[in-house]
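Structure data follow from query_14.cif (mmCIF, C-alpha atoms):
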```
data_start
#
loop_
_atom_site.label_atom_id
_atom_site.label_comp_id
_atom_site.auth_asym_id
_atom_site.auth_seq_id
_atom_site.Cartn_x
_atom_site.Cartn_y
_atom_site.Cartn_z
CA MET A 1 -41.06 8.90 23.67
CA ALA A 2 -38.74 6.00 22.80
CA THR A 3 -39.65 2.69 24.42
CA LEU A 4 -37.18 0.50 26.27
CA ARG A 5 -37.10 -1.88 23.31
CA ASP A 6 -36.26 0.98 20.90
CA ILE A 7 -33.45 2.24 23.14
CA LYS A 8 -32.03 -1.26 23.55
CA ARG A 9 -32.15 -1.77 19.79
CA ARG A 10 -30.25 1.49 19.27
CA ILE A 11 -27.61 0.50 21.82
CA LYS A 12 -27.01 -2.80 20.01
CA ALA A 13 -26.77 -1.00 16.66
CA VAL A 14 -24.22 1.51 17.99
CA GLN A 15 -22.24 -1.29 19.65
CA SER A 16 -22.05 -3.09 16.29
CA THR A 17 -20.88 0.13 14.63
CA SER A 18 -18.24 0.59 17.33
CA LYS A 19 -16.88 -2.91 16.68
CA ILE A 20 -16.68 -2.20 12.94
CA THR A 21 -14.89 1.14 13.34
CA LYS A 22 -12.47 -0.38 15.85
CA ALA A 23 -11.65 -3.21 13.43
CA MET A 24 -11.21 -0.74 10.56
CA LYS A 25 -8.81 1.29 12.69
CA MET A 26 -6.70 -1.80 13.34
CA VAL A 27 -6.64 -2.70 9.63
CA SER A 28 -5.70 0.88 8.69
CA ALA A 29 -2.93 0.87 11.31
CA ALA A 30 -1.39 -2.24 9.75
CA LYS A 31 -1.65 -0.79 6.23
CA PHE A 32 -0.30 2.55 7.44
CA ARG A 33 2.88 1.01 8.84
CA LYS A 34 3.64 -0.65 5.50
CA ALA A 35 2.81 2.46 3.48
CA GLN A 36 4.84 4.67 5.81
CA GLN A 37 7.89 2.42 5.53
CA ARG A 38 7.73 2.43 1.72
CA MET A 39 7.32 6.20 1.68
CA PHE A 40 10.26 6.85 4.03
CA GLU A 41 12.46 4.51 2.00
CA LEU A 42 11.69 6.33 -1.27
CA ARG A 43 11.89 9.94 -0.01
CA PRO A 44 15.71 10.28 0.11
CA TYR A 45 16.03 8.46 -3.22
CA ALA A 46 13.58 10.84 -4.92
CA GLU A 47 15.27 13.90 -3.43
CA ARG A 48 18.72 12.68 -4.43
CA MET A 49 17.52 11.90 -7.95
CA SER A 50 16.42 15.52 -8.42
CA GLU A 51 19.75 16.78 -7.06
CA VAL A 52 21.74 14.55 -9.42
CA ILE A 53 19.78 15.71 -12.46
CA THR A 54 20.19 19.36 -11.46
CA ARG A 55 23.96 18.87 -11.01
CA LEU A 56 24.30 17.13 -14.38
CA ALA A 57 22.28 19.75 -16.23
CA VAL A 58 23.75 22.80 -14.52
CA ASP A 59 26.25 23.58 -17.31
CA LEU A 60 24.31 22.08 -20.23
CA ASP A 61 21.74 23.60 -22.55
CA ALA A 62 18.21 23.16 -21.19
CA GLU A 63 17.11 22.16 -24.69
CA ILE A 64 19.19 19.00 -24.47
CA HIS A 65 16.08 17.07 -23.44
CA PRO A 66 12.45 17.93 -24.28
CA LEU A 67 11.39 17.53 -20.64
CA LEU A 68 13.77 20.34 -19.67
CA ALA A 69 12.39 22.71 -22.30
CA VAL A 70 10.43 25.61 -20.82
CA ARG A 71 7.74 26.77 -23.24
CA VAL A 72 5.28 29.61 -23.10
CA ARG A 73 2.44 28.45 -20.85
CA ARG A 74 -0.82 28.02 -22.73
CA ASN A 75 -2.04 24.53 -21.90
CA VAL A 76 -1.69 23.34 -18.30
CA GLU A 77 -2.32 19.81 -17.12
CA VAL A 78 -3.43 19.27 -13.51
CA LEU A 79 -2.97 15.81 -11.98
CA VAL A 80 -5.16 15.36 -8.89
CA ILE A 81 -4.35 12.39 -6.62
CA THR A 82 -7.05 11.09 -4.26
CA SER A 83 -8.02 7.71 -2.82
CA ASP A 84 -10.37 5.04 -4.13
CA ARG A 85 -12.26 4.68 -0.84
CA GLY A 86 -13.78 7.03 1.69
CA LEU A 87 -14.11 6.91 5.48
CA CYS A 88 -10.87 8.87 5.85
CA GLY A 89 -12.08 12.17 7.25
CA ALA A 90 -11.30 15.30 5.23
CA PHE A 91 -8.50 13.61 3.25
CA ASN A 92 -10.26 13.67 -0.12
CA THR A 93 -12.27 16.81 0.57
CA ASN A 94 -9.13 18.88 1.14
CA ILE A 95 -7.50 17.63 -2.07
CA LEU A 96 -10.59 18.16 -4.21
CA LYS A 97 -11.14 21.63 -2.78
CA ALA A 98 -7.51 22.62 -3.41
CA GLY A 99 -7.66 21.15 -6.91
CA ALA A 100 -10.89 22.98 -7.79
CA ASN A 101 -9.48 26.27 -6.49
CA HIS A 102 -6.21 25.89 -8.40
CA ILE A 103 -7.97 24.96 -11.62
CA ALA A 104 -10.32 27.95 -11.27
CA HIS A 105 -7.30 30.22 -10.64
CA LEU A 106 -5.51 28.95 -13.76
CA ARG A 107 -8.58 29.39 -15.93
CA ALA A 108 -9.11 32.89 -14.56
CA GLU A 109 -5.58 33.71 -15.75
CA GLY A 110 -6.52 32.58 -19.25
CA PHE A 111 -4.83 29.16 -19.42
CA ASN A 112 -6.38 26.13 -21.08
CA VAL A 113 -6.61 23.52 -18.34
CA SER A 114 -6.83 19.76 -18.83
CA ILE A 115 -7.37 17.44 -15.87
CA SER A 116 -6.14 13.95 -15.08
CA SER A 117 -7.03 12.13 -11.89
CA VAL A 118 -5.80 9.27 -9.74
CA GLY A 119 -8.32 7.62 -7.43
CA ARG A 120 -12.02 6.87 -7.72
CA LYS A 121 -12.99 9.79 -5.47
CA ALA A 122 -11.54 12.37 -7.85
CA LYS A 123 -13.04 10.58 -10.85
CA ASP A 124 -16.52 10.53 -9.30
CA PHE A 125 -16.21 14.13 -8.10
CA LEU A 126 -15.39 15.38 -11.60
CA LYS A 127 -18.04 13.17 -13.23
CA ARG A 128 -20.78 14.53 -10.94
CA ARG A 129 -19.86 18.05 -12.03
CA ASN A 130 -19.71 17.12 -15.72
CA VAL A 131 -16.01 18.00 -15.90
CA ASP A 132 -14.14 16.26 -18.70
CA THR A 133 -10.91 14.48 -17.77
CA ARG A 134 -8.09 13.79 -20.18
CA ASN A 135 -7.24 10.57 -18.39
CA SER A 136 -7.96 8.85 -15.09
CA TRP A 137 -6.60 5.96 -13.06
CA ALA A 138 -8.62 4.19 -10.37
CA GLY A 139 -8.49 0.99 -8.36
CA ILE A 140 -4.81 1.18 -7.39
CA SER A 141 -5.22 2.09 -3.71
CA GLY A 142 -4.00 -0.68 -1.44
CA ARG A 143 -2.05 -2.42 -4.23
CA LEU A 144 0.15 0.42 -5.39
CA SER A 145 3.23 -0.57 -7.39
CA TYR A 146 5.96 1.18 -9.35
CA ALA A 147 4.28 -0.01 -12.55
CA ASN A 148 1.35 2.31 -11.75
CA ALA A 149 3.72 5.29 -11.59
CA GLN A 150 5.36 4.21 -14.86
CA GLU A 151 1.97 4.06 -16.60
CA ILE A 152 0.96 7.52 -15.39
CA ALA A 153 4.39 8.97 -16.19
CA ALA A 154 4.39 7.54 -19.72
CA ASP A 155 1.05 9.21 -20.46
CA ILE A 156 2.14 12.57 -19.04
CA ILE A 157 5.56 12.51 -20.74
CA GLU A 158 3.94 11.73 -24.09
CA SER A 159 1.54 14.66 -23.69
CA TYR A 160 4.36 17.02 -22.77
CA ILE A 161 6.76 15.96 -25.53
CA SER A 162 4.00 16.16 -28.14
CA GLU A 163 3.33 19.72 -26.82
CA THR A 164 -0.28 18.90 -26.00
CA VAL A 165 0.48 20.48 -22.61
CA ASP A 166 3.11 23.07 -21.67
CA GLU A 167 3.13 22.48 -17.93
CA VAL A 168 2.06 19.70 -15.55
CA ILE A 169 0.93 20.42 -11.98
CA MET A 170 0.57 17.63 -9.42
CA ILE A 171 -1.75 18.02 -6.39
CA TYR A 172 -1.60 15.47 -3.60
CA ASN A 173 -1.49 15.01 0.18
CA GLU A 174 2.03 14.98 1.63
CA PHE A 175 2.47 12.99 4.81
CA LYS A 176 3.65 15.05 7.80
CA SER A 177 2.51 12.99 10.78
CA VAL A 178 -0.27 10.63 11.78
CA ALA A 179 -2.40 13.63 12.71
CA SER A 180 -1.32 15.95 9.90
CA GLN A 181 -1.31 15.76 6.11
CA LYS A 182 -0.44 18.75 3.93
CA VAL A 183 -1.96 19.47 0.52
CA VAL A 184 0.93 20.05 -1.90
CA VAL A 185 0.78 21.73 -5.31
CA ASN A 186 3.99 20.85 -7.19
CA ARG A 187 5.12 21.50 -10.73
CA LEU A 188 6.10 18.18 -12.26
CA LEU A 189 7.01 19.36 -15.77
CA PRO A 190 9.01 21.08 -17.03
CA LEU A 191 11.65 20.19 -14.48
CA ALA A 192 12.79 23.00 -12.18
CA PRO A 193 14.76 25.67 -14.07
CA ILE A 194 18.45 24.85 -14.02
CA GLU A 195 19.44 28.52 -14.17
CA ALA A 196 18.26 29.05 -10.60
CA ALA A 197 20.67 26.41 -9.34
CA LYS A 198 23.83 27.48 -11.16
CA ASP A 199 24.93 29.87 -8.44
CA THR A 200 24.29 27.42 -5.58
CA ILE A 201 25.81 24.18 -6.89
CA PRO A 202 29.62 23.90 -6.68
CA VAL A 203 31.39 22.98 -9.91
CA TYR A 204 33.69 19.95 -9.81
CA ASP A 205 35.98 18.63 -12.50
CA ILE A 206 34.26 15.28 -13.00
CA VAL A 207 34.65 12.91 -15.91
CA TYR A 208 31.38 11.26 -16.94
CA GLU A 209 31.09 8.00 -18.79
CA PRO A 210 28.94 7.99 -20.84
CA SER A 211 28.43 11.70 -21.49
CA LYS A 212 26.25 13.99 -19.37
CA ALA A 213 23.76 14.25 -22.19
CA GLU A 214 23.35 10.46 -22.42
CA ILE A 215 23.02 10.12 -18.65
CA LEU A 216 20.38 12.86 -18.55
CA SER A 217 18.42 11.30 -21.39
CA SER A 218 18.11 8.15 -19.28
CA LEU A 219 17.58 9.78 -15.88
CA ILE A 220 15.08 12.53 -16.70
CA PRO A 221 12.14 10.25 -17.68
CA LYS A 222 13.04 8.01 -14.73
CA ASN A 223 12.90 11.04 -12.43
CA VAL A 224 9.34 11.81 -13.58
CA GLU A 225 8.35 8.24 -12.69
CA ILE A 226 10.06 8.50 -9.29
CA GLN A 227 8.40 11.83 -8.42
CA ILE A 228 4.97 10.45 -9.35
CA PHE A 229 5.63 7.26 -7.38
CA ARG A 230 6.67 9.35 -4.39
CA ALA A 231 3.44 11.38 -4.60
CA LEU A 232 1.41 8.17 -4.78
CA LEU A 233 3.18 6.73 -1.72
CA GLU A 234 2.81 10.00 0.21
CA SER A 235 -0.89 10.00 -0.66
CA GLN A 236 -1.32 6.35 0.38
CA ALA A 237 0.39 6.87 3.75
CA SER A 238 -1.66 10.02 4.34
CA GLU A 239 -4.87 8.20 3.42
CA GLU A 240 -4.29 5.36 5.89
CA ALA A 241 -3.26 7.80 8.63
CA ALA A 242 -6.39 9.88 8.01
CA ARG A 243 -8.60 6.77 8.00
CA MET A 244 -6.99 5.51 11.18
CA ALA A 245 -7.69 8.85 12.92
CA ALA A 246 -11.24 8.98 11.52
CA MET A 247 -12.04 5.47 12.75
CA GLU A 248 -10.60 6.24 16.19
CA ASN A 249 -12.81 9.34 16.44
CA ALA A 250 -15.80 7.33 15.23
CA THR A 251 -15.16 4.66 17.85
CA LYS A 252 -14.93 7.28 20.60
CA SER A 253 -18.17 8.91 19.43
CA ALA A 254 -19.91 5.52 19.34
CA ASN A 255 -18.77 4.71 22.87
CA GLU A 256 -19.98 8.10 24.10
CA MET A 257 -23.33 7.51 22.43
CA ILE A 258 -23.57 4.06 24.07
CA LEU A 259 -23.06 5.68 27.49
CA LYS A 260 -25.76 8.27 26.80
CA LEU A 261 -28.19 5.66 25.50
CA SER A 262 -27.46 3.41 28.50
CA LEU A 263 -28.22 6.30 30.85
CA GLN A 264 -31.41 7.02 28.92
CA TYR A 265 -32.35 3.34 29.06
CA ASN A 266 -31.78 3.17 32.82
CA LYS A 267 -33.85 6.31 33.40
CA ALA A 268 -36.68 5.00 31.24
CA ARG A 269 -36.53 1.60 32.98
CA GLN A 270 -36.58 3.27 36.38
CA ALA A 271 -39.56 5.38 35.36
CA THR A 272 -41.37 2.27 34.13
CA ILE A 273 -40.71 0.41 37.39
CA THR A 274 -41.82 3.44 39.42
CA LYS A 275 -45.03 3.67 37.39
CA GLU A 276 -45.73 -0.04 37.89
CA LEU A 277 -45.16 0.30 41.65
CA MET A 278 -47.49 3.29 41.77
CA ASP A 279 -50.14 1.26 39.93
CA ILE A 280 -49.74 -1.61 42.43
CA VAL A 281 -49.93 0.73 45.41
CA GLY A 282 -52.95 2.45 43.91
CA GLY A 283 -54.64 -0.92 43.37
CA VAL A 284 -53.95 -2.01 46.95
CA GLU A 285 -55.36 1.24 48.31
CA ALA A 286 -58.43 0.82 46.16
CA LEU A 287 -58.98 -2.69 47.52
CA LYS A 288 -58.67 -1.41 51.09
CA GLY A 289 -61.33 1.16 50.42
#
```

Entire entry expressed as structure tokens:
Amino acid sequence: MATLRDIKRRIKAVQSTSKITKAMKMVSAAKFRKAQQRMFELRPYAERMSEVITRLAVDLDAEIHPLLAVRVRRNVEVLVITSDRGLCGAFNTNILKAGANHIAHLRAEGFNVSISSVGRKAKDFLKRRNVDTRNSWAGISGRLSYANAQEIAADIIESYISETVDEVIMIYNEFKSVASQKVVVNRLLPLAPIEAAKDTIPVYDIVYEPSKAEILSSLIPKNVEIQIFRALLESQASEEAARMAAMENATKSANEMILKLSLQYNKARQATITKELMDIVGGVEALKG
């Protein structure tokens, strides 16, 4: 049976843990607000960028730019986006599980699958399982910039144009709310087929300067960078929201444990006092006899 000293030591340890988790929640809340603002500011821009490219390319040959070319799928690249740090609940677990399932599904269909990762958690997960990665980026969580998206996009674009890969899939957590993040599996390259949009986009008599082809040549690589940057921002906001919720739950659990340990301590202390009183009474009775 635990002694009073052991119980008191455990209470102090849990109290220290509660202070740490509460502080981490406050830090995550501050980071979350910044990440959420950046994400909300980029969302409409990224969506509009895709719409503009679709409108420009709707009556042009898809072969006008190599990133629009749809080839026979043989080699598929999967880009998995996780965080660098843990203590964020099931945030990384959900992504890694979805990524592993999707990769297994692609391989079962006979595709050659290469893997790239963003975040130390994905890198470590793949390394532990002796899975080779084509490329990986780590250490950008908390200091994410557009330059990171440009670096990742340049590598992926080069692989696609050189026909090393025929399709690029991006898996990341999309922010829905503080309590909800959705795992998203999106095709990054080739860009969405233009044929599917021809019947839904109205045709206007617009004069372009420079030509549509020149505008597309400039916008298409930029769109890849924007879509990757959006995924990184969505992932960062989701990570901080998940960590904030995880630390809040940890703080609540610690406080509940403190109450239980305090009750246990009081019961043990009362039992000790009762035993000491019984010993005193027994001694007095013995002296009387």

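In this model, the gap between CA of Val165 in chain A and CA of Trp137 in chain A comes to 18.8 Å.
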
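Each of A:Arg43, A:Arg10, A:Lys212, A:Arg107 was compared to Ile64 in chain A using only C-alpha atoms, and A:Lys212 turns out to be the nearest.
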
How many Å separate CA of Ala147 in chain A from CA of Lys31 in chain A? 19.7 Å

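In this model, the gap between CA of Thr21 in chain A and CA of Thr251 in chain A comes to 5.7 Å.
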
Counting all atoms listed in the file, what is within 9 Å of range 174-188 of chain A, bar same-chain residues fewer than 2 positions away, as a compact mmCIF listing (two decimals) with C-alpha atoms, in the frame of the given file?
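Output contents, as saved in around25.txt:
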```txt
# COMPACT_ATOMS: atom_id res chain seq x y z
CA GLN A 36 4.84 4.67 5.81
CA MET A 39 7.32 6.20 1.68
CA PHE A 91 -8.50 13.61 3.25
CA ASN A 94 -9.13 18.88 1.14
CA ILE A 95 -7.50 17.63 -2.07
CA ALA A 98 -7.51 22.62 -3.41
CA GLY A 99 -7.66 21.15 -6.91
CA HIS A 102 -6.21 25.89 -8.40
CA GLU A 167 3.13 22.48 -17.93
CA VAL A 168 2.06 19.70 -15.55
CA ILE A 169 0.93 20.42 -11.98
CA MET A 170 0.57 17.63 -9.42
CA ILE A 171 -1.75 18.02 -6.39
CA TYR A 172 -1.60 15.47 -3.60
CA PRO A 190 9.01 21.08 -17.03
CA LEU A 191 11.65 20.19 -14.48
CA ALA A 192 12.79 23.00 -12.18
CA VAL A 224 9.34 11.81 -13.58
CA GLN A 227 8.40 11.83 -8.42
CA ILE A 228 4.97 10.45 -9.35
CA ALA A 231 3.44 11.38 -4.60
CA LEU A 233 3.18 6.73 -1.72
CA GLU A 234 2.81 10.00 0.21
CA SER A 235 -0.89 10.00 -0.66
CA GLN A 236 -1.32 6.35 0.38
CA ALA A 237 0.39 6.87 3.75
CA SER A 238 -1.66 10.02 4.34
CA GLU A 239 -4.87 8.20 3.42
CA GLU A 240 -4.29 5.36 5.89
CA ALA A 241 -3.26 7.80 8.63
CA ALA A 242 -6.39 9.88 8.01
CA MET A 244 -6.99 5.51 11.18
CA ALA A 245 -7.69 8.85 12.92
```

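Taken over the whole file, the PyMOL selection byres ((chain A and resi 145) around 12) covers exactly Ala35, Arg38, Gly139, Ile140, Ser141, Gly142, Arg143, Leu144, Tyr146, Ala147, Asn148, Ala149, Gln150, Glu151, Ile152, Glu225, Ile226, Ile228, Phe229, Arg230, Leu232, Leu233 and Gln236 of chain A.
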
For this file, the PyMOL selection byres ((chain A and resi 12-17) around 12) selects which residues, as an mmCIF file with C-alpha atoms, keeping the file's coordinate frame?
```
data_model
loop_
_atom_site.group_PDB
_atom_site.id
_atom_site.type_symbol
_atom_site.label_atom_id
_atom_site.label_comp_id
_atom_site.auth_asym_id
_atom_site.auth_seq_id
_atom_site.Cartn_x
_atom_site.Cartn_y
_atom_site.Cartn_z
ATOM 1 C CA ARG A 5 -37.100 -1.880 23.310
ATOM 2 C CA ASP A 6 -36.260 0.980 20.900
ATOM 3 C CA ILE A 7 -33.450 2.240 23.140
ATOM 4 C CA LYS A 8 -32.030 -1.260 23.550
ATOM 5 C CA ARG A 9 -32.150 -1.770 19.790
ATOM 6 C CA ARG A 10 -30.250 1.490 19.270
ATOM 7 C CA ILE A 11 -27.610 0.500 21.820
ATOM 8 C CA SER A 18 -18.240 0.590 17.330
ATOM 9 C CA LYS A 19 -16.880 -2.910 16.680
ATOM 10 C CA ILE A 20 -16.680 -2.200 12.940
ATOM 11 C CA THR A 21 -14.890 1.140 13.340
ATOM 12 C CA LYS A 22 -12.470 -0.380 15.850
ATOM 13 C CA ALA A 23 -11.650 -3.210 13.430
ATOM 14 C CA MET A 24 -11.210 -0.740 10.560
ATOM 15 C CA MET A 247 -12.040 5.470 12.750
ATOM 16 C CA ALA A 250 -15.800 7.330 15.230
ATOM 17 C CA THR A 251 -15.160 4.660 17.850
ATOM 18 C CA LYS A 252 -14.930 7.280 20.600
ATOM 19 C CA SER A 253 -18.170 8.910 19.430
ATOM 20 C CA ALA A 254 -19.910 5.520 19.340
ATOM 21 C CA ASN A 255 -18.770 4.710 22.870
ATOM 22 C CA GLU A 256 -19.980 8.100 24.100
ATOM 23 C CA MET A 257 -23.330 7.510 22.430
ATOM 24 C CA ILE A 258 -23.570 4.060 24.070
ATOM 25 C CA LEU A 259 -23.060 5.680 27.490
ATOM 26 C CA LYS A 260 -25.760 8.270 26.800
ATOM 27 C CA LEU A 261 -28.190 5.660 25.500
ATOM 28 C CA SER A 262 -27.460 3.410 28.500
#
```

Answer key for the PyMOL selection byres ((chain A and resi 123-131) around 10), residues as a PyMOL selection string: chain A and resi 80-84+92-93+96+100+114-122+132-138

For each of A:Leu277, A:Ile220, A:Met26, A:Val70, take the minimum atom-to-atom distance to Ala46 in chain A, counting all atoms listed in the file, then give the residue where this is smallest. A:Ile220

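With all atoms listed in the file as the atoms that count, the residue of A:Arg243, A:Leu216, A:Leu287, A:Lys275 with the shortest distance to Arg85 in chain A is A:Arg243.
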
Please determine an axis-aligned box that encloses all atoms of range 130-139 of chain A listed in the file, with 6 Å added on each side, and express its centre and edge lengths in Å to one decimal as JSON.
```
{"center_x": -13.2, "center_y": 9.5, "center_z": -14.3, "size_x": 25.1, "size_y": 29.0, "size_z": 23.8}
```

When distances are computed from all atoms listed in the file, which of A:Arg48, A:Phe40, A:Asp155, A:Glu163 shows the smallest separation from Arg74 in chain A? A:Glu163

Got a minute to add N, CA and C atoms to range 158-175 of chain A and dump it as a PDB file, keeping the file's coordinate frame?
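Now in result_17.pdb:
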```pdb
ATOM      1  N   GLU A 158       4.368  11.692 -22.691  1.00  0.00           N
ATOM      2  CA  GLU A 158       3.940  11.730 -24.090  1.00  0.00           C
ATOM      3  C   GLU A 158       3.178  13.022 -24.403  1.00  0.00           C
ATOM      4  N   SER A 159       2.304  13.429 -23.486  1.00  0.00           N
ATOM      5  CA  SER A 159       1.540  14.660 -23.690  1.00  0.00           C
ATOM      6  C   SER A 159       2.439  15.886 -23.686  1.00  0.00           C
ATOM      7  N   TYR A 160       3.463  15.865 -22.842  1.00  0.00           N
ATOM      8  CA  TYR A 160       4.360  17.020 -22.770  1.00  0.00           C
ATOM      9  C   TYR A 160       5.280  17.099 -23.989  1.00  0.00           C
ATOM     10  N   ILE A 161       5.854  15.966 -24.387  1.00  0.00           N
ATOM     11  CA  ILE A 161       6.760  15.960 -25.530  1.00  0.00           C
ATOM     12  C   ILE A 161       6.028  16.315 -26.819  1.00  0.00           C
ATOM     13  N   SER A 162       4.787  15.849 -26.940  1.00  0.00           N
ATOM     14  CA  SER A 162       4.000  16.160 -28.140  1.00  0.00           C
ATOM     15  C   SER A 162       3.441  17.583 -28.111  1.00  0.00           C
ATOM     16  N   GLU A 163       3.745  18.323 -27.014  1.00  0.00           N
ATOM     17  CA  GLU A 163       3.330  19.720 -26.820  1.00  0.00           C
ATOM     18  C   GLU A 163       1.812  19.870 -26.724  1.00  0.00           C
ATOM     19  N   THR A 164       1.150  18.799 -26.321  1.00  0.00           N
ATOM     20  CA  THR A 164      -0.280  18.900 -26.000  1.00  0.00           C
ATOM     21  C   THR A 164      -0.465  19.760 -24.757  1.00  0.00           C
ATOM     22  N   VAL A 165       0.482  19.647 -23.809  1.00  0.00           N
ATOM     23  CA  VAL A 165       0.480  20.480 -22.610  1.00  0.00           C
ATOM     24  C   VAL A 165       1.845  21.145 -22.473  1.00  0.00           C
ATOM     25  N   ASP A 166       1.866  22.314 -21.848  1.00  0.00           N
ATOM     26  CA  ASP A 166       3.110  23.070 -21.670  1.00  0.00           C
ATOM     27  C   ASP A 166       3.597  23.034 -20.228  1.00  0.00           C
ATOM     28  N   GLU A 167       2.743  22.575 -19.333  1.00  0.00           N
ATOM     29  CA  GLU A 167       3.130  22.480 -17.930  1.00  0.00           C
ATOM     30  C   GLU A 167       2.248  21.433 -17.254  1.00  0.00           C
ATOM     31  N   VAL A 168       2.820  20.711 -16.291  1.00  0.00           N
ATOM     32  CA  VAL A 168       2.060  19.700 -15.550  1.00  0.00           C
ATOM     33  C   VAL A 168       2.170  20.003 -14.066  1.00  0.00           C
ATOM     34  N   ILE A 169       1.009  20.149 -13.421  1.00  0.00           N
ATOM     35  CA  ILE A 169       0.930  20.420 -11.980  1.00  0.00           C
ATOM     36  C   ILE A 169       0.394  19.179 -11.281  1.00  0.00           C
ATOM     37  N   MET A 170       0.998  18.812 -10.174  1.00  0.00           N
ATOM     38  CA  MET A 170       0.570  17.630  -9.420  1.00  0.00           C
ATOM     39  C   MET A 170       0.075  18.081  -8.045  1.00  0.00           C
ATOM     40  N   ILE A 171      -1.149  17.654  -7.683  1.00  0.00           N
ATOM     41  CA  ILE A 171      -1.750  18.020  -6.390  1.00  0.00           C
ATOM     42  C   ILE A 171      -2.020  16.743  -5.607  1.00  0.00           C
ATOM     43  N   TYR A 172      -1.445  16.679  -4.409  1.00  0.00           N
ATOM     44  CA  TYR A 172      -1.600  15.470  -3.600  1.00  0.00           C
ATOM     45  C   TYR A 172      -1.408  15.811  -2.122  1.00  0.00           C
ATOM     46  N   ASN A 173      -1.688  14.851  -1.257  1.00  0.00           N
ATOM     47  CA  ASN A 173      -1.490  15.010   0.180  1.00  0.00           C
ATOM     48  C   ASN A 173      -0.099  14.507   0.550  1.00  0.00           C
ATOM     49  N   GLU A 174       0.706  15.373   1.148  1.00  0.00           N
ATOM     50  CA  GLU A 174       2.030  14.980   1.630  1.00  0.00           C
ATOM     51  C   GLU A 174       1.938  14.590   3.098  1.00  0.00           C
ATOM     52  N   PHE A 175       2.532  13.477   3.443  1.00  0.00           N
ATOM     53  CA  PHE A 175       2.470  12.990   4.810  1.00  0.00           C
ATOM     54  C   PHE A 175       3.405  13.800   5.710  1.00  0.00           C
TER      55      PHE A 175
END
```
